[in-house]
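For reference, protein_25.csv is printed below; it contains CSV, C-alpha atoms.
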chain,number,residue,atom,x,y,z
A,1375,MET,CA,72.4,84.6,110.1
A,1376,ALA,CA,72.0,88.2,109.1
A,1377,ALA,CA,69.2,90.1,110.9
A,1378,GLU,CA,66.4,91.7,108.9
A,1379,SER,CA,65.2,95.2,109.9
A,1380,THR,CA,61.5,95.8,109.4
A,1381,SER,CA,59.3,98.9,109.5
A,1382,ARG,CA,55.7,99.9,108.8
A,1383,ALA,CA,54.9,101.9,105.7
A,1384,GLY,CA,54.9,105.6,106.4
A,1385,ASP,CA,57.2,105.3,109.5
A,1386,LEU,CA,60.3,107.5,109.8
A,1387,ARG,CA,63.3,105.5,110.9
A,1388,LEU,CA,66.8,106.6,111.6
A,1389,TRP,CA,70.0,104.5,111.4
A,1390,ARG,CA,72.6,106.5,113.3
A,1391,ASN,CA,76.0,106.1,114.8
A,1392,ALA,CA,77.1,104.5,111.6
A,1393,ARG,CA,80.0,104.9,109.1
A,1394,LEU,CA,78.7,105.3,105.6
A,1395,ALA,CA,80.0,104.5,102.1
A,1396,THR,CA,77.4,106.5,100.1
A,1397,PHE,CA,78.9,106.0,96.6
A,1398,ALA,CA,77.4,109.3,95.6
A,1399,GLU,CA,78.9,110.4,92.2
A,1400,ARG,CA,79.6,113.9,93.4
A,1401,SER,CA,81.7,112.6,96.3
A,1402,THR,CA,85.3,111.4,96.3
A,1403,GLY,CA,86.1,107.7,96.3
A,1404,LEU,CA,83.5,105.7,98.2
A,1405,GLY,CA,81.8,108.8,99.6
A,1406,MET,CA,82.7,107.9,103.1
A,1407,VAL,CA,81.2,109.5,106.2
A,1408,GLU,CA,82.7,108.6,109.5
A,1409,HIS,CA,79.9,109.7,111.8
A,1410,GLY,CA,76.9,109.2,109.7
A,1411,ALA,CA,73.1,108.6,109.7
A,1412,VAL,CA,70.5,107.4,107.2
A,1413,ALA,CA,66.9,108.5,107.6
A,1414,VAL,CA,64.1,106.6,105.8
A,1415,ARG,CA,60.5,107.4,105.2
A,1416,ASP,CA,58.0,105.4,103.1
A,1417,GLY,CA,60.7,103.1,101.9
A,1418,ARG,CA,62.9,105.9,100.6
A,1419,ILE,CA,66.0,107.6,101.8
A,1420,VAL,CA,65.3,111.2,103.0
A,1421,PHE,CA,68.8,111.9,104.4
A,1422,ALA,CA,72.2,110.2,104.2
A,1423,GLY,CA,75.2,112.1,105.5
A,1424,ALA,CA,76.9,113.4,108.6
A,1425,GLU,CA,74.8,113.0,111.7
A,1426,SER,CA,75.8,116.5,112.7
A,1427,GLU,CA,73.9,117.8,109.6
A,1428,LEU,CA,70.7,115.8,110.2
A,1429,PRO,CA,67.6,118.1,110.2
A,1430,SER,CA,66.0,118.0,113.6
A,1431,ALA,CA,62.7,116.9,112.1
A,1432,LEU,CA,64.3,113.7,111.0
A,1433,ALA,CA,65.6,112.9,114.5
A,1434,ARG,CA,62.1,112.1,115.8
A,1435,GLY,CA,61.5,108.7,114.3
A,1436,GLU,CA,62.4,105.3,115.6
A,1437,THR,CA,66.2,105.1,116.0
A,1438,ILE,CA,68.5,102.2,115.4
A,1439,ASP,CA,72.0,102.5,116.8
A,1440,CYS,CA,74.4,100.9,114.4
A,1441,GLU,CA,77.2,100.9,117.0
A,1442,GLY,CA,79.8,102.2,114.5
A,1443,ARG,CA,79.0,99.6,111.8
A,1444,TRP,CA,79.4,100.4,108.1
A,1445,ILE,CA,76.3,101.0,105.9
A,1446,THR,CA,76.6,100.6,102.1
A,1447,PRO,CA,73.9,100.6,99.5
A,1448,GLY,CA,72.3,97.1,99.1
A,1449,LEU,CA,74.3,95.1,96.7
A,1450,ILE,CA,73.1,94.6,93.1
A,1451,ASP,CA,73.8,91.5,91.0
A,1452,CYS,CA,73.3,92.9,87.5
A,1453,HIS,CA,74.0,89.8,85.4
A,1454,THR,CA,72.5,86.4,86.3
A,1455,HIS,CA,70.9,83.4,84.6
A,1456,LEU,CA,69.4,82.5,88.0
A,1457,VAL,CA,66.3,80.8,86.6
A,1458,HIS,CA,67.4,77.4,85.3
A,1459,ALA,CA,66.7,73.8,85.9
A,1460,GLY,CA,69.2,71.1,87.0
A,1461,ASN,CA,72.9,71.5,86.8
A,1462,ARG,CA,75.8,70.7,84.4
A,1463,ALA,CA,78.3,69.2,86.8
A,1464,ASN,CA,79.0,66.6,84.1
A,1465,GLU,CA,80.4,69.3,81.8
A,1466,PHE,CA,82.6,70.5,84.6
A,1467,GLU,CA,84.1,67.0,84.7
A,1468,MET,CA,84.6,67.2,80.9
A,1469,ARG,CA,86.5,70.5,81.1
A,1470,LEU,CA,88.6,69.1,83.9
A,1471,ALA,CA,89.5,66.3,81.5
A,1472,GLY,CA,90.6,68.9,78.9
A,1473,ALA,CA,87.5,69.7,76.8
A,1474,SER,CA,87.1,73.3,75.8
A,1475,TYR,CA,83.9,75.4,76.1
A,1476,GLU,CA,83.4,75.0,72.3
A,1477,GLU,CA,84.0,71.2,72.5
A,1478,VAL,CA,81.5,70.8,75.3
A,1479,ALA,CA,78.9,72.7,73.3
A,1480,ARG,CA,79.5,70.7,70.1
A,1481,ALA,CA,79.1,67.5,72.1
A,1482,GLY,CA,75.6,68.4,73.0
A,1483,GLY,CA,76.4,70.1,76.2
A,1484,GLY,CA,76.4,73.8,76.9
A,1485,ILE,CA,73.4,76.0,76.7
A,1486,VAL,CA,71.3,73.5,74.7
A,1487,SER,CA,71.6,71.1,77.6
A,1488,SER,CA,70.1,73.7,79.9
A,1489,VAL,CA,67.3,74.3,77.3
A,1490,LYS,CA,66.3,70.7,77.5
A,1491,SER,CA,66.2,70.8,81.3
A,1492,LEU,CA,64.2,74.0,81.5
A,1493,ARG,CA,61.6,72.9,78.9
A,1494,ALA,CA,61.0,69.8,81.0
A,1495,ALA,CA,60.4,71.8,84.2
A,1496,SER,CA,57.2,73.5,85.2
A,1497,GLU,CA,57.1,77.1,86.2
A,1498,ASP,CA,56.6,76.1,89.8
A,1499,GLU,CA,59.6,73.8,89.6
A,1500,LEU,CA,61.7,76.6,88.2
A,1501,VAL,CA,60.7,78.9,91.1
A,1502,VAL,CA,61.5,76.2,93.7
A,1503,GLN,CA,64.9,75.4,92.2
A,1504,SER,CA,65.8,79.1,91.8
A,1505,LEU,CA,64.9,80.3,95.3
A,1506,PRO,CA,68.0,78.7,97.1
A,1507,ARG,CA,70.2,80.5,94.6
A,1508,LEU,CA,68.4,83.8,95.3
A,1509,ASP,CA,68.5,83.2,99.0
A,1510,ALA,CA,72.3,82.8,98.9
A,1511,LEU,CA,72.6,86.3,97.3
A,1512,ILE,CA,70.1,87.8,99.7
A,1513,ARG,CA,72.1,86.5,102.7
A,1514,GLU,CA,75.1,88.6,101.4
A,1515,GLY,CA,73.1,91.9,101.4
A,1516,VAL,CA,71.9,91.8,97.8
A,1517,THR,CA,68.7,93.8,97.3
A,1518,THR,CA,68.4,93.8,93.5
A,1519,VAL,CA,69.0,91.0,91.0
A,1520,GLU,CA,68.8,90.9,87.2
A,1521,VAL,CA,67.5,87.6,85.8
A,1522,LYS,CA,67.9,86.6,82.2
A,1523,SER,CA,65.8,84.1,80.2
A,1524,GLY,CA,67.5,82.3,77.3
A,1525,TYR,CA,67.1,78.6,78.3
A,1526,GLY,CA,63.6,78.3,76.8
A,1527,LEU,CA,64.3,79.5,73.2
A,1528,ASP,CA,60.7,79.3,72.1
A,1529,LEU,CA,57.8,81.6,73.0
A,1530,GLU,CA,56.1,79.5,75.7
A,1531,ASN,CA,59.3,78.5,77.5
A,1532,GLU,CA,60.8,81.9,77.4
A,1533,LYS,CA,57.6,83.3,78.9
A,1534,LYS,CA,57.7,80.5,81.5
A,1535,SER,CA,61.2,81.5,82.5
A,1536,LEU,CA,60.4,85.2,82.7
A,1537,ARG,CA,57.3,84.5,84.7
A,1538,ALA,CA,59.3,82.4,87.1
A,1539,ALA,CA,61.8,85.2,87.5
A,1540,ARG,CA,59.1,87.7,88.2
A,1541,ARG,CA,57.6,85.4,90.9
A,1542,LEU,CA,61.0,85.3,92.7
A,1543,GLY,CA,60.3,89.0,93.6
A,1544,ASP,CA,56.9,87.9,95.0
A,1545,GLU,CA,58.5,85.2,97.1
A,1546,ARG,CA,61.3,87.2,98.6
A,1547,PRO,CA,62.0,90.9,99.6
A,1548,VAL,CA,64.1,91.7,96.6
A,1549,THR,CA,63.9,93.8,93.4
A,1550,ILE,CA,63.9,91.6,90.3
A,1551,ARG,CA,64.7,92.9,86.8
A,1552,THR,CA,64.1,90.6,84.0
A,1553,THR,CA,66.0,90.4,80.7
A,1554,PHE,CA,64.8,88.6,77.6
A,1555,LEU,CA,67.8,86.6,76.1
A,1556,GLY,CA,66.1,84.8,73.2
A,1557,ALA,CA,69.2,85.2,71.1
A,1558,HIS,CA,71.3,83.0,73.4
A,1559,ALA,CA,71.7,79.8,71.4
A,1560,LEU,CA,70.2,77.9,68.6
A,1561,PRO,CA,67.5,75.4,69.7
A,1562,PRO,CA,67.5,71.9,68.2
A,1563,GLU,CA,64.4,72.4,66.2
A,1564,ALA,CA,66.0,75.3,64.3
A,1565,LYS,CA,68.1,72.6,62.5
A,1566,GLY,CA,71.1,74.9,62.2
A,1567,ASP,CA,69.3,77.9,60.5
A,1568,LYS,CA,70.5,80.8,62.6
A,1569,ASP,CA,68.9,83.5,60.4
A,1570,ALA,CA,65.5,81.8,60.5
A,1571,PHE,CA,65.7,81.6,64.3
A,1572,ILE,CA,66.7,85.2,64.7
A,1573,ASN,CA,63.8,86.2,62.5
A,1574,LEU,CA,61.5,84.3,64.8
A,1575,VAL,CA,63.0,85.9,67.9
A,1576,ALA,CA,62.8,89.4,66.4
A,1577,ARG,CA,59.4,89.2,64.7
A,1578,GLU,CA,57.4,87.0,67.0
A,1579,ILE,CA,58.9,86.0,70.3
A,1580,LEU,CA,60.3,89.4,71.4
A,1581,PRO,CA,57.1,91.4,70.5
A,1582,ALA,CA,54.9,88.9,72.3
A,1583,ILE,CA,57.0,89.1,75.5
A,1584,ALA,CA,57.1,92.9,75.3
A,1585,ALA,CA,53.4,93.0,74.9
A,1586,GLU,CA,52.9,91.0,78.1
A,1587,GLY,CA,55.4,93.3,80.0
A,1588,LEU,CA,57.6,90.3,81.0
A,1589,ALA,CA,61.0,91.9,80.2
A,1590,ASP,CA,62.7,95.0,81.3
A,1591,ALA,CA,65.5,94.7,78.8
A,1592,VAL,CA,66.8,92.5,75.8
A,1593,ASP,CA,70.1,90.7,75.6
A,1594,GLY,CA,72.0,88.6,73.1
A,1595,PHE,CA,75.1,86.4,72.8
A,1596,CYS,CA,77.4,87.7,70.1
A,1597,GLU,CA,80.0,85.0,69.5
A,1598,GLY,CA,81.1,82.6,66.8
A,1599,LEU,CA,79.3,79.7,68.5
A,1600,ALA,CA,76.2,81.9,69.0
A,1601,PHE,CA,75.1,84.8,66.7
A,1602,SER,CA,76.8,87.2,64.4
A,1603,PRO,CA,76.8,91.0,64.9
A,1604,ALA,CA,74.3,91.4,62.0
A,1605,GLN,CA,71.9,88.9,63.6
A,1606,ILE,CA,72.2,90.6,67.0
A,1607,ALA,CA,71.6,94.0,65.4
A,1608,HIS,CA,68.3,92.6,64.0
A,1609,VAL,CA,67.2,91.6,67.5
A,1610,PHE,CA,68.3,95.0,68.9
A,1611,ASP,CA,66.2,96.8,66.2
A,1612,ALA,CA,63.2,94.8,67.3
A,1613,ALA,CA,63.9,95.7,70.9
A,1614,LYS,CA,64.0,99.4,70.0
A,1615,ALA,CA,60.7,99.1,68.2
A,1616,ALA,CA,59.3,97.5,71.4
A,1617,GLY,CA,60.7,100.3,73.6
A,1618,LEU,CA,63.1,98.0,75.5
A,1619,PRO,CA,66.7,98.8,76.3
A,1620,VAL,CA,69.5,96.4,75.3
A,1621,LYS,CA,72.5,94.6,76.8
A,1622,LEU,CA,75.0,92.3,75.2
A,1623,HIS,CA,77.2,89.3,75.9
A,1624,ALA,CA,80.2,90.6,74.0
A,1625,ASP,CA,83.7,89.6,73.1
A,1626,GLN,CA,84.0,86.8,75.6
A,1627,LEU,CA,85.7,84.2,73.5
A,1628,SER,CA,86.8,86.2,70.4
A,1629,ASN,CA,86.6,89.8,69.2
A,1630,LEU,CA,83.6,90.2,66.9
A,1631,HIS,CA,83.5,93.8,67.9
A,1632,GLY,CA,80.6,93.2,70.2
A,1633,ALA,CA,81.5,96.1,72.4
A,1634,GLU,CA,81.2,98.5,69.5
A,1635,LEU,CA,77.9,96.9,68.4
A,1636,ALA,CA,76.5,97.4,71.9
A,1637,ALA,CA,77.7,101.0,71.9
A,1638,ARG,CA,76.1,101.7,68.5
A,1639,HIS,CA,72.8,100.6,69.9
A,1640,GLY,CA,73.1,102.6,73.1
A,1641,ALA,CA,73.3,99.5,75.2
A,1642,LEU,CA,73.0,99.8,79.0
A,1643,SER,CA,75.9,97.4,79.3
A,1644,ALA,CA,78.3,95.1,77.4
A,1645,ASP,CA,79.3,92.0,79.5
A,1646,HIS,CA,82.3,89.7,79.6
A,1647,LEU,CA,84.5,91.7,77.2
A,1648,GLU,CA,87.7,89.6,77.5
A,1649,TYR,CA,88.6,90.3,73.9
A,1650,THR,CA,87.5,93.9,73.6
A,1651,ASP,CA,90.0,96.2,71.9
A,1652,GLU,CA,90.6,99.9,72.3
A,1653,ALA,CA,88.1,100.9,69.6
A,1654,GLY,CA,85.5,98.9,71.6
A,1655,ALA,CA,86.4,100.6,74.9
A,1656,ALA,CA,86.3,104.0,73.3
A,1657,ALA,CA,82.9,103.4,71.7
A,1658,MET,CA,81.5,102.2,75.1
A,1659,ALA,CA,82.8,105.4,76.7
A,1660,ARG,CA,81.2,107.6,74.2
A,1661,ALA,CA,77.9,105.8,74.5
A,1662,GLY,CA,77.9,105.5,78.3
A,1663,THR,CA,77.7,101.7,78.0
A,1664,VAL,CA,78.8,100.1,81.2
A,1665,ALA,CA,81.4,97.3,81.1
A,1666,THR,CA,80.1,94.4,83.2
A,1667,ILE,CA,83.0,92.3,84.4
A,1668,LEU,CA,82.3,88.6,85.1
A,1669,PRO,CA,85.2,86.9,86.8
A,1670,GLY,CA,83.3,83.8,87.8
A,1671,ALA,CA,83.0,82.6,84.2
A,1672,TYR,CA,86.6,83.5,83.5
A,1673,TYR,CA,87.7,81.5,86.5
A,1674,PHE,CA,85.4,78.6,86.1
A,1675,ILE,CA,86.2,77.8,82.4
A,1676,ARG,CA,89.8,78.6,83.0
A,1677,GLU,CA,90.2,81.4,80.5
A,1678,THR,CA,93.5,83.1,80.1
A,1679,ARG,CA,92.5,86.3,78.2
A,1680,LYS,CA,91.7,89.0,80.8
A,1681,PRO,CA,89.3,91.9,80.1
A,1682,PRO,CA,91.1,95.1,79.2
A,1683,ILE,CA,90.7,96.9,82.6
A,1684,ASP,CA,93.4,99.5,81.9
A,1685,LEU,CA,91.7,100.4,78.6
A,1686,PHE,CA,88.4,100.9,80.4
A,1687,ARG,CA,90.1,103.1,83.0
A,1688,GLN,CA,91.9,105.1,80.3
A,1689,HIS,CA,88.7,105.8,78.4
A,1690,GLY,CA,86.5,106.4,81.5
A,1691,VAL,CA,84.2,103.4,81.0
A,1692,LYS,CA,82.2,102.6,84.1
A,1693,MET,CA,82.7,99.1,85.3
A,1694,ALA,CA,80.1,96.9,87.1
A,1695,LEU,CA,80.6,93.4,88.6
A,1696,ALA,CA,78.2,90.5,88.6
A,1697,THR,CA,78.2,86.7,89.4
A,1698,ASP,CA,76.9,85.6,86.0
A,1699,ASN,CA,75.2,82.8,87.9
A,1700,ASN,CA,74.4,80.0,85.5
A,1701,PRO,CA,74.6,76.2,85.5
A,1702,GLY,CA,77.4,75.8,82.9
A,1703,THR,CA,80.1,78.4,83.2
A,1704,SER,CA,79.6,80.3,86.5
A,1705,PRO,CA,77.6,78.4,89.2
A,1706,LEU,CA,78.4,81.3,91.5
A,1707,THR,CA,76.0,82.8,94.1
A,1708,SER,CA,78.3,85.2,96.0
A,1709,LEU,CA,78.9,88.8,95.1
A,1710,LEU,CA,81.5,89.0,97.9
A,1711,LEU,CA,83.6,86.3,96.3
A,1712,THR,CA,83.0,87.9,92.9
A,1713,MET,CA,84.6,91.1,94.2
A,1714,ASN,CA,87.6,89.1,95.5
A,1715,MET,CA,88.0,87.4,92.1
A,1716,ALA,CA,87.9,90.7,90.3
A,1717,ALA,CA,90.6,92.2,92.5
A,1718,THR,CA,92.8,89.1,92.5
A,1719,LEU,CA,92.4,88.0,88.9
A,1720,PHE,CA,91.9,91.3,87.1
A,1721,GLY,CA,93.5,93.9,89.4
A,1722,LEU,CA,90.4,96.0,90.2
A,1723,THR,CA,90.8,98.3,93.1
A,1724,ILE,CA,88.8,98.1,96.3
A,1725,ASP,CA,86.8,101.2,95.2
A,1726,GLU,CA,86.1,99.8,91.8
A,1727,CYS,CA,84.9,96.4,93.2
A,1728,LEU,CA,82.6,98.0,95.7
A,1729,ALA,CA,81.2,100.6,93.2
A,1730,GLY,CA,80.9,97.7,90.7
A,1731,VAL,CA,78.3,95.9,92.9
A,1732,THR,CA,76.4,99.0,93.9
A,1733,ARG,CA,76.4,102.3,91.9
A,1734,GLU,CA,77.8,100.9,88.6
A,1735,ALA,CA,75.6,97.8,88.8
A,1736,ALA,CA,72.6,100.0,89.1
A,1737,ARG,CA,73.8,102.0,86.1
A,1738,ALA,CA,74.2,98.8,84.1
A,1739,LEU,CA,70.5,98.1,84.8
A,1740,GLY,CA,69.3,101.6,84.0
A,1741,MET,CA,68.3,101.9,87.7
A,1742,LEU,CA,70.8,104.5,89.0
A,1743,ALA,CA,67.9,107.0,89.6
A,1744,GLN,CA,66.3,104.5,91.9
A,1745,THR,CA,69.0,102.7,93.8
A,1746,GLY,CA,72.8,102.0,94.0
A,1747,THR,CA,73.8,104.9,96.2
A,1748,LEU,CA,72.9,106.3,99.6
A,1749,GLU,CA,71.2,109.5,98.5
A,1750,ALA,CA,67.9,111.2,99.3
A,1751,GLY,CA,65.1,110.2,97.0
A,1752,LYS,CA,66.5,106.7,96.3
A,1753,SER,CA,65.1,103.4,97.5
A,1754,ALA,CA,66.1,102.5,101.1
A,1755,ASP,CA,68.1,99.5,100.0
A,1756,LEU,CA,70.9,99.2,102.6
A,1757,ALA,CA,73.4,96.7,103.8
A,1758,ILE,CA,74.9,97.0,107.3
A,1759,TRP,CA,78.2,95.3,107.9
A,1760,ASP,CA,80.3,94.1,110.9
A,1761,ILE,CA,83.6,95.4,109.5
A,1762,GLU,CA,86.3,97.9,110.4
A,1763,ARG,CA,86.9,99.1,106.8
A,1764,PRO,CA,85.2,98.5,103.5
A,1765,ALA,CA,88.2,96.7,102.1
A,1766,GLU,CA,87.2,93.7,104.2
A,1767,LEU,CA,84.3,93.1,101.9
A,1768,VAL,CA,86.7,92.4,99.0
A,1769,TYR,CA,89.6,90.9,101.0
A,1770,ARG,CA,87.8,88.0,102.7
A,1771,MET,CA,86.8,84.7,101.0
A,1772,GLY,CA,84.0,82.5,102.2
A,1773,PHE,CA,83.2,84.9,105.1
A,1774,ASN,CA,80.0,86.9,105.3
A,1775,PRO,CA,80.1,89.9,107.7
A,1776,LEU,CA,76.5,91.1,106.9
A,1777,HIS,CA,74.8,92.3,110.1
A,1778,ALA,CA,71.5,93.5,108.6
A,1779,ARG,CA,69.8,93.9,105.2
A,1780,ILE,CA,67.2,96.6,104.5
A,1781,TRP,CA,65.1,96.5,101.3
A,1782,ARG,CA,62.8,99.4,100.6
A,1783,GLY,CA,63.0,100.4,104.2
A,1784,GLN,CA,62.1,97.0,105.5
Once you've parsed the file, please lay out its structure as structure tokens.
Amino acid sequence: MAAESTSRAGDLRLWRNARLATFAERSTGLGMVEHGAVAVRDGRIVFAGAESELPSALARGETIDCEGRWITPGLIDCHTHLVHAGNRANEFEMRLAGASYEEVARAGGGIVSSVKSLRAASEDELVVQSLPRLDALIREGVTTVEVKSGYGLDLENEKKSLRAARRLGDERPVTIRTTFLGAHALPPEAKGDKDAFINLVAREILPAIAAEGLADAVDGFCEGLAFSPAQIAHVFDAAKAAGLPVKLHADQLSNLHGAELAARHGALSADHLEYTDEAGAAAMARAGTVATILPGAYYFIRETRKPPIDLFRQHGVKMALATDNNPGTSPLTSLLLTMNMAATLFGLTIDECLAGVTREAARALGMLAQTGTLEAGKSADLAIWDIERPAELVYRMGFNPLHARIWRGQ
């Protein structure tokens, strides 16, 4: 089991004799430092770099000898549906028998199945069921997790879901960012009227959730079996009015030009993106919208259309990686395996994979000023690894080389 380093608030601590992958944007590649040190005070990094350049005043605190181990920023899972009730193993069986994603949904499965389960669960039950999934991420060095709602689909149950997500951050030493995903699917009581439901989300549910401070961002599912670009735009306008940034499930199963829609609204990220075209990639680049790649869902539902990684590279779109943990299409709780999938299935490089679960994941959450790199002023969220080279974190499957995890200096 990975060790946990602890410190008292206000203490100066120094991790030395380490190799660093800082991921600082001004550096080349991973920003590697062979003989490095990280100094931390009051939960924030005050120095990260070559030990030979460490100011003498910072060498006086408690010292931890890393014995040549690698230090990276703590990992960030920037797209999850971690708070859910029950599972959908029966749908897995249906897909193995040949049913498509759309066929499962039309047979009463899919998101609506998870809505029924979440509505039947109490807030306490949601927390209890979600903690093991969170613990699995924490054991791999994850220090920040985004958690979406979207299985409640009415005001009280969406609030219940978001409150449960916030409570996860009280139960464990981890940063939780919550995202309101009211425009996820159509609930049964909507009786097929998508426009009426979107009006409810935009005019009543979203403003009420924003007023209670339960969400850090707003998301939507733009797809033929979910909501149209015009309907999502209505929700995004409401998010802007509430002062909340937006994200989007885009172009996963077809090209409804969701990437361009996300870019027009200045979205932090557009996620999935298997069917995104060059116009979408160019729009995202201009807007600074991050492409969040989700290989778990691609693998699990046996998709064949890969996201256009080369287009993202050509246009300079930043790429993040995430588990997309959810009960129906990606019951995945390993960012290490996610990186391996991204490299193996989509051809991402080692550097792209590692930056995708640190710096670019932070960017996708609008948190790059706070975390995601080893730089002075940022939160002391660190992962210390028993590896010889960073490529091992992407190369291995089912093996966890975490030595220690530090969250906010603790």
Quick one: everything within 7 Å of Asp1439 in chain A, counting all atoms listed in the file, minus sequence neighbours fewer than 3 positions away in the same chain. Send it as a list in words. Trp1389, Arg1390 and Asn1391 of chain A
For Asp1698 in chain A, work out the shell of residues within 10 Å, counting only C-alpha atoms and skipping chain neighbours fewer than 3 positions away, then give it as a ChimeraX atom specification. /A:1451-1456,1520-1522,1645-1646,1666-1671,1695,1701,1703-1707,1709,1712
Give me the residues near Gly1484 in chain A as a ChimeraX atom specification, where near means some atom within 12 Å (using all atoms listed in the file) and where sequence neighbours in that chain fewer than 4 positions away do not count. /A:1461-1466,1468-1469,1473-1480,1488-1491,1525,1558-1561,1599-1600,1675,1700-1703
At what distance in Å, to one decimal, does CA of Leu1542 in chain A lie from CA of Met1693 in chain A?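 Distance reported for this atom pair: 26.8 Å.
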Report, in Å to a single decimal, how far apart CA of Gly1746 in chain A and CA of Arg1400 in chain A are. 13.7 Å
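For the pair CA of Ala1644 in chain A and CA of Gly1730 in chain A, the interatomic distance is 13.8 Å.
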I need the residue nearest Trp1759 in chain A from this list: A:Glu1734, A:Glu1514, A:Glu1586, A:Asp1544. Use only C-alpha atoms for the distance.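 For Trp1759 in chain A, the nearest of the candidates is A:Glu1514.
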Residue among A:Thr1678, A:Thr1446, A:Thr1747, A:Asn1629 lying closest to His1777 in chain A, counting only C-alpha atoms: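 Checking each of A:Thr1678, A:Thr1446, A:Thr1747, A:Asn1629 against His1777 in chain A, counting only C-alpha atoms, the winner is A:Thr1446.
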Would you please take range 1473-1500 of chain A of the structure in the block above and write C-alpha atoms to a file as a PDB file, in the first residue's frame?
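So selection17.pdb came out as:
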ATOM      1  CA  ALA A1473     -26.748  -4.812 -28.661  1.00  0.00           C
ATOM      2  CA  SER A1474     -25.511  -1.304 -29.506  1.00  0.00           C
ATOM      3  CA  TYR A1475     -25.292   1.648 -27.113  1.00  0.00           C
ATOM      4  CA  GLU A1476     -28.435   3.112 -28.695  1.00  0.00           C
ATOM      5  CA  GLU A1477     -30.312  -0.215 -28.538  1.00  0.00           C
ATOM      6  CA  VAL A1478     -29.518  -0.593 -24.843  1.00  0.00           C
ATOM      7  CA  ALA A1479     -30.811   2.928 -24.191  1.00  0.00           C
ATOM      8  CA  ARG A1480     -34.012   2.382 -26.157  1.00  0.00           C
ATOM      9  CA  ALA A1481     -34.653  -0.853 -24.216  1.00  0.00           C
ATOM     10  CA  GLY A1482     -34.855   1.124 -20.966  1.00  0.00           C
ATOM     11  CA  GLY A1483     -31.207   0.808 -20.064  1.00  0.00           C
ATOM     12  CA  GLY A1484     -28.521   3.408 -20.312  1.00  0.00           C
ATOM     13  CA  ILE A1485     -28.554   6.621 -18.337  1.00  0.00           C
ATOM     14  CA  VAL A1486     -32.222   6.355 -17.359  1.00  0.00           C
ATOM     15  CA  SER A1487     -31.466   3.077 -15.567  1.00  0.00           C
ATOM     16  CA  SER A1488     -28.902   4.887 -13.429  1.00  0.00           C
ATOM     17  CA  VAL A1489     -31.413   7.671 -12.805  1.00  0.00           C
ATOM     18  CA  LYS A1490     -33.815   5.184 -11.257  1.00  0.00           C
ATOM     19  CA  SER A1491     -31.067   3.772  -9.015  1.00  0.00           C
ATOM     20  CA  LEU A1492     -29.797   7.166  -7.879  1.00  0.00           C
ATOM     21  CA  ARG A1493     -33.264   8.477  -7.080  1.00  0.00           C
ATOM     22  CA  ALA A1494     -33.871   5.424  -4.886  1.00  0.00           C
ATOM     23  CA  ALA A1495     -30.635   5.952  -2.919  1.00  0.00           C
ATOM     24  CA  SER A1496     -30.154   8.349  -0.014  1.00  0.00           C
ATOM     25  CA  GLU A1497     -27.350  10.881   0.056  1.00  0.00           C
ATOM     26  CA  ASP A1498     -25.554   8.790   2.679  1.00  0.00           C
ATOM     27  CA  GLU A1499     -25.886   5.692   0.518  1.00  0.00           C
ATOM     28  CA  LEU A1500     -24.425   7.541  -2.450  1.00  0.00           C
TER      29      LEU A1500
END
